[in-house]
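Asks: Pasting query36.cif here (mmCIF, C-alpha atoms):
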data_start
loop_
_atom_site.group_PDB
_atom_site.id
_atom_site.type_symbol
_atom_site.label_atom_id
_atom_site.label_comp_id
_atom_site.auth_asym_id
_atom_site.auth_seq_id
_atom_site.Cartn_x
_atom_site.Cartn_y
_atom_site.Cartn_z
ATOM 1 C CA MET A 278 37.590 -17.806 93.511
ATOM 2 C CA LYS A 279 41.187 -16.649 93.149
ATOM 3 C CA ARG A 280 42.459 -20.114 94.098
ATOM 4 C CA LYS A 281 40.175 -21.769 91.536
ATOM 5 C CA THR A 282 41.465 -19.391 88.866
ATOM 6 C CA HIS A 283 45.056 -20.327 89.670
ATOM 7 C CA CYS A 284 44.216 -24.049 89.543
ATOM 8 C CA LEU A 285 42.432 -23.653 86.203
ATOM 9 C CA PHE A 286 45.413 -21.759 84.787
ATOM 10 C CA PHE A 287 47.805 -24.510 85.921
ATOM 11 C CA ILE A 288 45.652 -27.252 84.396
ATOM 12 C CA LEU A 289 45.424 -25.421 81.067
ATOM 13 C CA THR A 290 49.166 -24.857 81.067
ATOM 14 C CA CYS A 291 49.807 -28.561 81.629
ATOM 15 C CA LEU A 292 47.432 -29.495 78.840
ATOM 16 C CA ALA A 293 49.094 -27.043 76.481
ATOM 17 C CA THR A 294 52.583 -28.350 77.192
ATOM 18 C CA LEU A 295 51.959 -31.810 78.562
ATOM 19 C CA PRO A 296 55.558 -33.134 78.449
ATOM 20 C CA ALA A 297 56.708 -30.244 80.677
ATOM 21 C CA CYS A 298 54.229 -31.218 83.389
ATOM 22 C CA ALA A 299 55.032 -34.908 83.135
ATOM 23 C CA GLY A 300 58.626 -34.476 84.296
ATOM 24 C CA PRO A 301 61.942 -34.708 82.465
ATOM 25 C CA THR A 302 62.633 -36.899 79.458
ATOM 26 C CA THR A 303 66.093 -38.462 79.239
ATOM 27 C CA TYR A 304 67.710 -38.717 75.824
ATOM 28 C CA SER A 305 70.938 -40.225 74.564
ATOM 29 C CA ALA A 306 72.267 -41.152 71.132
ATOM 30 C CA GLU A 307 74.501 -43.791 69.637
ATOM 31 C CA ALA A 308 77.575 -42.910 67.570
ATOM 32 C CA ILE A 309 77.167 -42.331 63.820
ATOM 33 C CA GLU A 310 79.853 -43.391 61.346
ATOM 34 C CA ALA A 311 79.455 -43.302 57.564
ATOM 35 C CA LYS A 312 81.312 -42.671 54.303
ATOM 36 C CA VAL A 313 80.630 -40.104 51.574
ATOM 37 C CA VAL A 314 81.408 -40.795 47.912
ATOM 38 C CA ASP A 315 80.911 -39.208 44.504
ATOM 39 C CA ALA A 316 77.725 -40.721 43.071
ATOM 40 C CA ASP A 317 79.223 -41.028 39.563
ATOM 41 C CA THR A 318 82.820 -42.108 40.181
ATOM 42 C CA LYS A 319 82.346 -43.706 43.626
ATOM 43 C CA GLN A 320 85.469 -41.806 44.672
ATOM 44 C CA LEU A 321 85.737 -41.111 48.395
ATOM 45 C CA LEU A 322 85.125 -37.434 49.141
ATOM 46 C CA GLU A 323 87.364 -35.599 51.578
ATOM 47 C CA GLY A 324 86.494 -32.254 53.149
ATOM 48 C CA VAL A 325 82.704 -32.670 53.117
ATOM 49 C CA VAL A 326 81.124 -30.706 55.965
ATOM 50 C CA VAL A 327 78.529 -32.691 57.897
ATOM 51 C CA VAL A 328 76.076 -31.407 60.503
ATOM 52 C CA ALA A 329 73.908 -33.642 62.693
ATOM 53 C CA ARG A 330 71.131 -32.163 64.771
ATOM 54 C CA TRP A 331 68.488 -33.576 67.066
ATOM 55 C CA VAL A 332 65.498 -31.257 66.608
ATOM 56 C CA LEU A 333 62.951 -30.537 69.319
ATOM 57 C CA GLU A 334 59.323 -30.152 68.268
ATOM 58 C CA GLU A 335 56.207 -29.120 70.143
ATOM 59 C CA SER A 336 52.447 -28.875 69.779
ATOM 60 C CA THR A 337 49.978 -27.011 71.954
ATOM 61 C CA ILE A 338 46.292 -27.256 72.795
ATOM 62 C CA VAL A 339 45.776 -24.091 70.750
ATOM 63 C CA SER A 340 47.348 -25.556 67.617
ATOM 64 C CA ILE A 341 47.566 -29.264 66.814
ATOM 65 C CA LYS A 342 50.225 -28.561 64.192
ATOM 66 C CA VAL A 343 53.723 -29.591 65.271
ATOM 67 C CA ARG A 344 56.377 -26.889 65.090
ATOM 68 C CA GLU A 345 60.127 -26.738 65.581
ATOM 69 C CA ALA A 346 60.994 -25.615 69.117
ATOM 70 C CA GLY A 347 64.794 -25.633 69.080
ATOM 71 C CA ASN A 348 67.687 -28.058 69.062
ATOM 72 C CA LEU A 349 68.686 -30.488 71.795
ATOM 73 C CA VAL A 350 72.095 -31.288 70.291
ATOM 74 C CA ILE A 351 74.007 -30.001 67.231
ATOM 75 C CA LEU A 352 77.288 -31.587 66.124
ATOM 76 C CA GLU A 353 79.591 -30.836 63.193
ATOM 77 C CA THR A 354 82.486 -32.634 61.527
ATOM 78 C CA VAL A 355 84.377 -32.924 58.210
ATOM 79 C CA THR A 356 85.097 -36.098 56.220
ATOM 80 C CA ASP A 357 88.679 -37.378 56.263
ATOM 81 C CA LYS A 358 90.814 -38.664 53.356
ATOM 82 C CA GLY A 359 88.829 -41.876 53.409
ATOM 83 C CA GLY A 360 85.554 -39.991 53.032
ATOM 84 C CA LYS A 361 84.584 -41.031 56.563
ATOM 85 C CA PHE A 362 82.835 -38.978 59.216
ATOM 86 C CA ILE A 363 82.118 -39.877 62.830
ATOM 87 C CA PHE A 364 79.808 -38.379 65.421
ATOM 88 C CA SER A 365 80.436 -39.592 68.965
ATOM 89 C CA ALA A 366 77.667 -40.953 71.143
ATOM 90 C CA TRP A 367 76.149 -38.469 73.585
ATOM 91 C CA GLY A 368 73.937 -38.421 76.643
ATOM 92 C CA PRO A 369 72.186 -38.982 78.864
ATOM 93 C CA ILE A 370 70.607 -35.516 78.702
ATOM 94 C CA GLN A 371 67.517 -34.604 80.732
ATOM 95 C CA HIS A 372 65.088 -32.369 78.888
ATOM 96 C CA TRP A 373 62.398 -30.530 80.878
ATOM 97 C CA LYS A 374 60.706 -28.279 78.344
ATOM 98 C CA GLY A 375 57.344 -28.946 76.713
ATOM 99 C CA SER A 376 58.862 -30.364 73.539
ATOM 100 C CA ARG A 377 60.361 -33.649 72.372
ATOM 101 C CA LEU A 378 62.516 -35.294 69.756
ATOM 102 C CA THR A 379 60.667 -36.998 66.909
ATOM 103 C CA TYR A 380 61.160 -40.381 65.277
ATOM 104 C CA MET A 381 62.978 -38.710 62.344
ATOM 105 C CA ASP A 382 65.979 -37.517 64.383
ATOM 106 C CA PRO A 383 68.783 -37.026 63.820
ATOM 107 C CA GLU A 384 68.711 -34.780 60.767
ATOM 108 C CA ILE A 385 72.022 -34.908 58.860
ATOM 109 C CA LEU A 386 73.085 -32.099 56.505
ATOM 110 C CA ILE A 387 75.945 -32.677 54.059
ATOM 111 C CA PHE A 388 77.635 -30.058 51.852
ATOM 112 C CA LYS A 389 80.543 -29.934 49.419
ATOM 113 C CA SER A 390 81.259 -27.329 46.766
ATOM 114 C CA GLY A 391 79.908 -28.292 43.348
ATOM 115 C CA TYR A 392 77.629 -31.043 44.649
ATOM 116 C CA GLU A 393 73.952 -31.302 45.506
ATOM 117 C CA TYR A 394 73.645 -30.915 49.266
ATOM 118 C CA GLN A 395 72.042 -33.748 51.201
ATOM 119 C CA ARG A 396 69.423 -33.612 53.947
ATOM 120 C CA LEU A 397 68.952 -37.022 55.534
ATOM 121 C CA ASN A 398 66.466 -38.199 58.174
ATOM 122 C CA ASN A 399 65.195 -41.475 59.606
ATOM 123 C CA TYR A 400 62.111 -41.564 57.391
ATOM 124 C CA ASP A 401 62.464 -45.221 56.469
ATOM 125 C CA SER A 402 62.856 -46.472 60.038
ATOM 126 C CA ALA A 403 59.760 -44.917 61.592
ATOM 127 C CA THR A 404 57.542 -47.454 63.363
ATOM 128 C CA SER A 405 53.934 -47.025 64.416
ATOM 129 C CA GLU A 406 55.081 -46.742 68.029
ATOM 130 C CA GLN A 407 57.479 -43.938 67.168
ATOM 131 C CA HIS A 408 54.786 -42.192 65.125
ATOM 132 C CA ALA A 409 52.617 -42.231 68.239
ATOM 133 C CA GLY A 410 55.118 -39.901 69.898
ATOM 134 C CA LYS A 411 56.591 -42.365 72.381
ATOM 135 C CA VAL A 412 60.112 -41.694 73.586
ATOM 136 C CA TYR A 413 62.821 -44.090 72.460
ATOM 137 C CA SER A 414 66.445 -43.881 73.555
ATOM 138 C CA PRO A 415 69.247 -44.225 72.722
ATOM 139 C CA ARG A 416 68.609 -42.488 69.428
ATOM 140 C CA LYS A 417 69.910 -44.215 66.297
ATOM 141 C CA SER A 418 70.551 -43.034 62.756
ATOM 142 C CA GLN A 419 69.587 -45.275 59.857
ATOM 143 C CA TRP A 420 72.634 -43.854 58.032
ATOM 144 C CA HIS A 421 75.108 -45.380 60.494
ATOM 145 C CA GLY A 422 77.443 -47.741 58.645
ATOM 146 C CA LYS A 423 76.149 -46.627 55.235
ATOM 147 C CA THR A 424 77.849 -45.111 52.180
ATOM 148 C CA ILE A 425 76.224 -41.820 51.230
ATOM 149 C CA GLU A 426 76.407 -40.718 47.609
ATOM 150 C CA MET A 427 76.665 -37.058 46.610
ATOM 151 C CA LYS A 428 75.691 -36.109 43.056
ATOM 152 C CA PRO A 429 77.782 -33.509 41.223
ATOM 153 C CA PHE A 430 75.509 -30.588 40.353
ATOM 154 C CA GLY A 431 74.765 -30.825 36.650
ATOM 155 C CA GLY A 432 72.630 -27.726 36.093
ATOM 156 C CA THR A 433 73.419 -24.155 35.099
ATOM 157 C CA ILE A 434 75.234 -21.680 37.336
ATOM 158 C CA GLY A 435 71.861 -19.989 37.920
ATOM 159 C CA ALA A 436 70.294 -23.252 39.044
ATOM 160 C CA TYR A 437 73.250 -23.918 41.323
ATOM 161 C CA GLU A 438 72.855 -20.429 42.802
ATOM 162 C CA ASP A 439 69.250 -21.289 43.719
ATOM 163 C CA HIS A 440 70.425 -24.605 45.187
ATOM 164 C CA PHE A 441 73.097 -22.811 47.221
ATOM 165 C CA GLU A 442 70.510 -20.298 48.469
ATOM 166 C CA SER A 443 68.171 -23.067 49.584
ATOM 167 C CA PHE A 444 70.880 -24.607 51.757
ATOM 168 C CA ASN A 445 72.026 -21.232 53.074
ATOM 169 C CA LYS A 446 68.485 -20.382 54.181
ATOM 170 C CA LYS A 447 68.317 -23.698 56.025
ATOM 171 C CA LEU A 448 71.567 -22.886 57.821
ATOM 172 C CA GLU A 449 70.338 -19.387 58.706
ATOM 173 C CA ARG A 450 67.338 -20.865 60.509
ATOM 174 C CA ILE A 451 69.650 -23.173 62.456
ATOM 175 C CA ALA A 452 72.489 -20.761 63.259
ATOM 176 C CA ALA A 453 70.838 -17.365 63.601
ATOM 177 C CA ASP A 454 67.167 -17.718 64.572
ATOM 178 C CA ARG A 455 67.721 -18.692 68.225
ATOM 179 C CA PRO A 456 70.652 -16.632 69.548
ATOM 180 C CA LYS A 457 70.455 -18.152 73.041
ATOM 181 C CA GLU A 458 71.300 -21.601 71.659
ATOM 182 C CA CYS A 459 74.683 -20.322 70.336
ATOM 183 C CA ASN A 460 74.284 -22.570 67.304
ATOM 184 C CA TRP A 461 76.582 -20.428 65.155
ATOM 185 C CA LYS A 462 79.441 -21.559 67.413
ATOM 186 C CA LYS A 463 78.590 -25.200 66.763
ATOM 187 C CA ILE A 464 78.908 -25.161 62.946
ATOM 188 C CA PRO A 465 81.960 -22.946 62.193
ATOM 189 C CA ASN A 466 83.299 -25.153 59.388
ATOM 190 C CA THR A 467 79.939 -25.071 57.639
ATOM 191 C CA ILE A 468 79.727 -21.286 57.897
ATOM 192 C CA ARG A 469 83.242 -20.964 56.467
ATOM 193 C CA ALA A 470 82.421 -23.387 53.646
ATOM 194 C CA MET A 471 79.388 -21.302 52.660
ATOM 195 C CA ASN A 472 81.547 -18.170 52.706
ATOM 196 C CA TRP A 473 84.098 -19.729 50.378
ATOM 197 C CA GLU A 474 81.368 -21.053 48.092
ATOM 198 C CA ARG A 475 79.803 -17.598 47.852
ATOM 199 C CA LYS A 476 83.189 -16.175 46.817
ATOM 200 C CA ARG A 477 83.516 -18.900 44.170
ATOM 201 C CA LEU A 478 80.096 -18.073 42.733
ATOM 202 C CA ILE A 479 80.864 -14.346 42.659
ATOM 203 C CA ALA A 480 84.103 -15.098 40.782
ATOM 204 C CA GLN A 481 81.974 -16.911 38.187
ATOM 205 C CA GLY A 482 79.824 -13.840 37.639
ATOM 206 C CA VAL A 483 76.948 -14.325 40.110
ATOM 207 C CA ASN A 484 75.589 -11.039 41.471
ATOM 208 C CA PRO A 485 76.746 -10.874 45.136
ATOM 209 C CA ASN A 486 73.549 -9.004 46.068
ATOM 210 C CA THR A 487 71.505 -12.106 45.281
ATOM 211 C CA LEU A 488 73.442 -14.374 47.659
ATOM 212 C CA SER A 489 72.603 -14.869 51.332
ATOM 213 C CA THR A 490 75.373 -14.081 53.779
ATOM 214 C CA LEU A 491 75.067 -15.990 57.036
ATOM 215 C CA ASP A 492 78.641 -15.119 58.039
ATOM 216 C CA ASN A 493 78.096 -11.422 57.284
ATOM 217 C CA GLU A 494 74.838 -11.460 59.238
ATOM 218 C CA LEU A 495 76.644 -12.759 62.313
ATOM 219 C CA LEU A 496 79.573 -10.350 62.048
ATOM 220 C CA MET A 497 77.518 -7.263 61.181
ATOM 221 C CA ASN A 498 75.130 -7.961 64.062
ATOM 222 C CA ASP A 499 77.876 -8.804 66.528
ATOM 223 C CA ALA A 500 76.414 -6.676 69.326
ATOM 224 C CA PHE A 501 72.987 -8.324 68.993
ATOM 225 C CA TYR A 502 74.297 -11.893 69.141
ATOM 226 C CA THR A 503 76.751 -11.032 71.902
ATOM 227 C CA ASP A 504 74.016 -9.486 74.036
ATOM 228 C CA LYS A 505 71.008 -11.683 73.254
ATOM 229 C CA GLY A 506 72.816 -15.002 73.079
ATOM 230 C CA ASN A 507 75.253 -14.680 75.973
ATOM 231 C CA CYS A 508 77.570 -16.808 73.817
ATOM 232 C CA GLY A 509 80.432 -14.387 73.317
ATOM 233 C CA SER A 510 81.239 -12.311 70.264
ATOM 234 C CA PRO A 511 80.959 -13.723 66.709
ATOM 235 C CA LYS A 512 83.704 -11.300 65.649
ATOM 236 C CA GLU A 513 86.049 -12.683 68.272
ATOM 237 C CA PHE A 514 85.057 -16.276 67.512
ATOM 238 C CA PHE A 515 85.704 -15.855 63.774
ATOM 239 C CA LYS A 516 88.778 -13.651 64.270
ATOM 240 C CA GLY A 517 91.033 -13.840 61.254
ATOM 241 C CA PHE A 518 88.186 -15.135 59.093
ATOM 242 C CA GLN A 519 87.317 -12.420 56.570
ATOM 243 C CA PRO A 520 83.893 -12.675 54.892
#
Since I need it in another form, could you write the structure as structure tokens?

Replies:
Amino acid sequence: MKRKTHCLFFILTCLATLPACAGPTTYSAEAIEAKVVDADTKQLLEGVVVVARWVLEESTIVSIKVREAGNLVILETVTDKGGKFIFSAWGPIQHWKGSRLTYMDPEILIFKSGYEYQRLNNYDSATSEQHAGKVYSPRKSQWHGKTIEMKPFGGTIGAYEDHFESFNKKLERIAADRPKECNWKKIPNTIRAMNWERKRLIAQGVNPNTLSTLDNELLMNDAFYTDKGNCGSPKEFFKGFQP
């Protein structure tokens, strides 16, 4: 009876996280190169922070709904004087856990002070085969070789504050929610950019108590992230960077 119970438990576990029982999945990705310009003037934009992440998702037998399960790869860069950014190719990486990349990866996040932030996926390139959950590799971005336009924010300072908060909350989920992934170490330029933008908004009269503080959260909870993440100390990593 005990042996049957163990077998039943194993079968249910495999059904709940089928990819984990099926062996490793190997992923790789092609390089991404694109340009960023002002949507109105078409001027090339230097100093835009760009984050690319390949997001793992999972579903279980208990819940059919797909949920985010972590990040396989996170990369960060900044546009040069020609408005260009490049992410190098990566892989192969073997992934054993009961989760997988989706057809929409990679997700690309783009931010520059005074502009509407961009969140770009592969929505337009999804095929029926990819929708069916089949693995395809190497991964490609539909934004490779493209010119990406950023719109100057035309609303009120209050509306921009809400826009800034929306992006900051997105970054908090990436950088702080999974301390073992050490994601805060992977996007330092983005964290600094949000710090500087918060200071700019405060100088324009925005109440500092209404603004999220990802950098402060990391520094004030240094012991937690040092212990739980095994990634080193945020205070040491951001030494000389005052929030």

Asks: Please list, as a list in words, the residues that have an atom at most 10 Å away from (72.5, -29.4, 64.8) in the coordinates of this file, counting all atoms listed in the file.

Replies: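 Neighbouring residues, ordered by chain and number, come to Val327, Val328, Ala329, Arg330, Trp331, Val332, Gly347, Asn348, Leu349, Val350, Ile351, Leu352, Glu353, Pro383, Glu384, Ile385, Leu386, Leu448, Ile451, Ala452, Asn460, Trp461, Lys463 and Ile464 of chain A.
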
Asks: Apply the PyMOL selection byres ((chain A and resi 483-494) around 10) to the structure shown and report the selected residues as an MDAnalysis selection string.

Replies: chainID A and resid 434:435 438:439 441:446 448:450 452:453 461 465 468:469 471:472 475:482 495:499 502 511:512 515 518:520

Asks: Just C-alpha atoms for this one: save the residues we selected as a PDB file, keeping the file's coordinate frame.

Replies:
ATOM      1  CA  ILE A 434      75.234 -21.680  37.336  1.00  0.00           C
ATOM      2  CA  GLY A 435      71.861 -19.989  37.920  1.00  0.00           C
ATOM      3  CA  GLU A 438      72.855 -20.429  42.802  1.00  0.00           C
ATOM      4  CA  ASP A 439      69.250 -21.289  43.719  1.00  0.00           C
ATOM      5  CA  PHE A 441      73.097 -22.811  47.221  1.00  0.00           C
ATOM      6  CA  GLU A 442      70.510 -20.298  48.469  1.00  0.00           C
ATOM      7  CA  SER A 443      68.171 -23.067  49.584  1.00  0.00           C
ATOM      8  CA  PHE A 444      70.880 -24.607  51.757  1.00  0.00           C
ATOM      9  CA  ASN A 445      72.026 -21.232  53.074  1.00  0.00           C
ATOM     10  CA  LYS A 446      68.485 -20.382  54.181  1.00  0.00           C
ATOM     11  CA  LEU A 448      71.567 -22.886  57.821  1.00  0.00           C
ATOM     12  CA  GLU A 449      70.338 -19.387  58.706  1.00  0.00           C
ATOM     13  CA  ARG A 450      67.338 -20.865  60.509  1.00  0.00           C
ATOM     14  CA  ALA A 452      72.489 -20.761  63.259  1.00  0.00           C
ATOM     15  CA  ALA A 453      70.838 -17.365  63.601  1.00  0.00           C
ATOM     16  CA  TRP A 461      76.582 -20.428  65.155  1.00  0.00           C
ATOM     17  CA  PRO A 465      81.960 -22.946  62.193  1.00  0.00           C
ATOM     18  CA  ILE A 468      79.727 -21.286  57.897  1.00  0.00           C
ATOM     19  CA  ARG A 469      83.242 -20.964  56.467  1.00  0.00           C
ATOM     20  CA  MET A 471      79.388 -21.302  52.660  1.00  0.00           C
ATOM     21  CA  ASN A 472      81.547 -18.170  52.706  1.00  0.00           C
ATOM     22  CA  ARG A 475      79.803 -17.598  47.852  1.00  0.00           C
ATOM     23  CA  LYS A 476      83.189 -16.175  46.817  1.00  0.00           C
ATOM     24  CA  ARG A 477      83.516 -18.900  44.170  1.00  0.00           C
ATOM     25  CA  LEU A 478      80.096 -18.073  42.733  1.00  0.00           C
ATOM     26  CA  ILE A 479      80.864 -14.346  42.659  1.00  0.00           C
ATOM     27  CA  ALA A 480      84.103 -15.098  40.782  1.00  0.00           C
ATOM     28  CA  GLN A 481      81.974 -16.911  38.187  1.00  0.00           C
ATOM     29  CA  GLY A 482      79.824 -13.840  37.639  1.00  0.00           C
ATOM     30  CA  LEU A 495      76.644 -12.759  62.313  1.00  0.00           C
ATOM     31  CA  LEU A 496      79.573 -10.350  62.048  1.00  0.00           C
ATOM     32  CA  MET A 497      77.518  -7.263  61.181  1.00  0.00           C
ATOM     33  CA  ASN A 498      75.130  -7.961  64.062  1.00  0.00           C
ATOM     34  CA  ASP A 499      77.876  -8.804  66.528  1.00  0.00           C
ATOM     35  CA  TYR A 502      74.297 -11.893  69.141  1.00  0.00           C
ATOM     36  CA  PRO A 511      80.959 -13.723  66.709  1.00  0.00           C
ATOM     37  CA  LYS A 512      83.704 -11.300  65.649  1.00  0.00           C
ATOM     38  CA  PHE A 515      85.704 -15.855  63.774  1.00  0.00           C
ATOM     39  CA  PHE A 518      88.186 -15.135  59.093  1.00  0.00           C
ATOM     40  CA  GLN A 519      87.317 -12.420  56.570  1.00  0.00           C
ATOM     41  CA  PRO A 520      83.893 -12.675  54.892  1.00  0.00           C
TER      42      PRO A 520
END

Asks: Would you mind reading off the distance between atom CA of A:Gly359 and atom CA of A:Phe388, one decimal, in Å?

Replies: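 So the answer is 16.4 Å.
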
Asks: One decimal, in Å: what's the spacing between atom CA of A:His421 and atom CA of A:Gln395?

Replies: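 Here the two named atoms are 15.2 Å from each other.
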
Asks: Could you check which of A:Thr424, A:Thr433, A:Ser376, A:Gln419 is closest to A:Lys312, using only C-alpha atoms?

Replies: A:Thr424

Asks: Between atom CA of A:Pro369 and atom CA of A:Glu334, what is the distance in Å, rounded to a tenth?

Replies: 18.9 Å

Asks: Please list, as a PyMOL selection string, the residues that have an atom at most 10 Å away from (80.1, -38.0, 74.0) in the coordinates of this file, counting all atoms listed in the file.

Replies: chain A and resi 305-308+364-369

Asks: Please define a box with edges along x, y and z of the file around all atoms of stretch 498-510 of chain A given in the file, extend it by 8 Å on each side, and return its centre and edge lengths in Å to one decimal, as lines of an AutoDock Vina configuration file.

Replies:
center_x = 76.1
center_y = -11.7
center_z = 70.0
size_x = 26.2
size_y = 26.1
size_z = 27.9

Asks: Selection in question (the file shown): the PyMOL selection byres ((chain A and resi 393) around 9). Which residues does it include, as a ChimeraX atom specification?

Replies: /A:387-392,394-395,427-431,437,440-441

Asks: From the list A:Asn507, A:Thr318, A:Thr379, A:Thr302, which residue is nearest A:Cys459 when using all atoms listed in the file?

Replies: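 Checking each candidate against A:Cys459, we get A:Asn507 as the closest.
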
Asks: Measuring between only C-alpha atoms, which one of A:Lys462, A:Asn398, A:Lys374, A:Glu310 shows the shortest distance to A:Lys361?

Replies: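 Under the stated criterion, the closest residue is A:Glu310.
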
Asks: Expanded to explicit residues, what is the PyMOL selection byres ((chain A and resi 335) around 8) for this file, as a PyMOL selection string?

Replies: chain A and resi 294+333-334+336-337+343-346+375-377
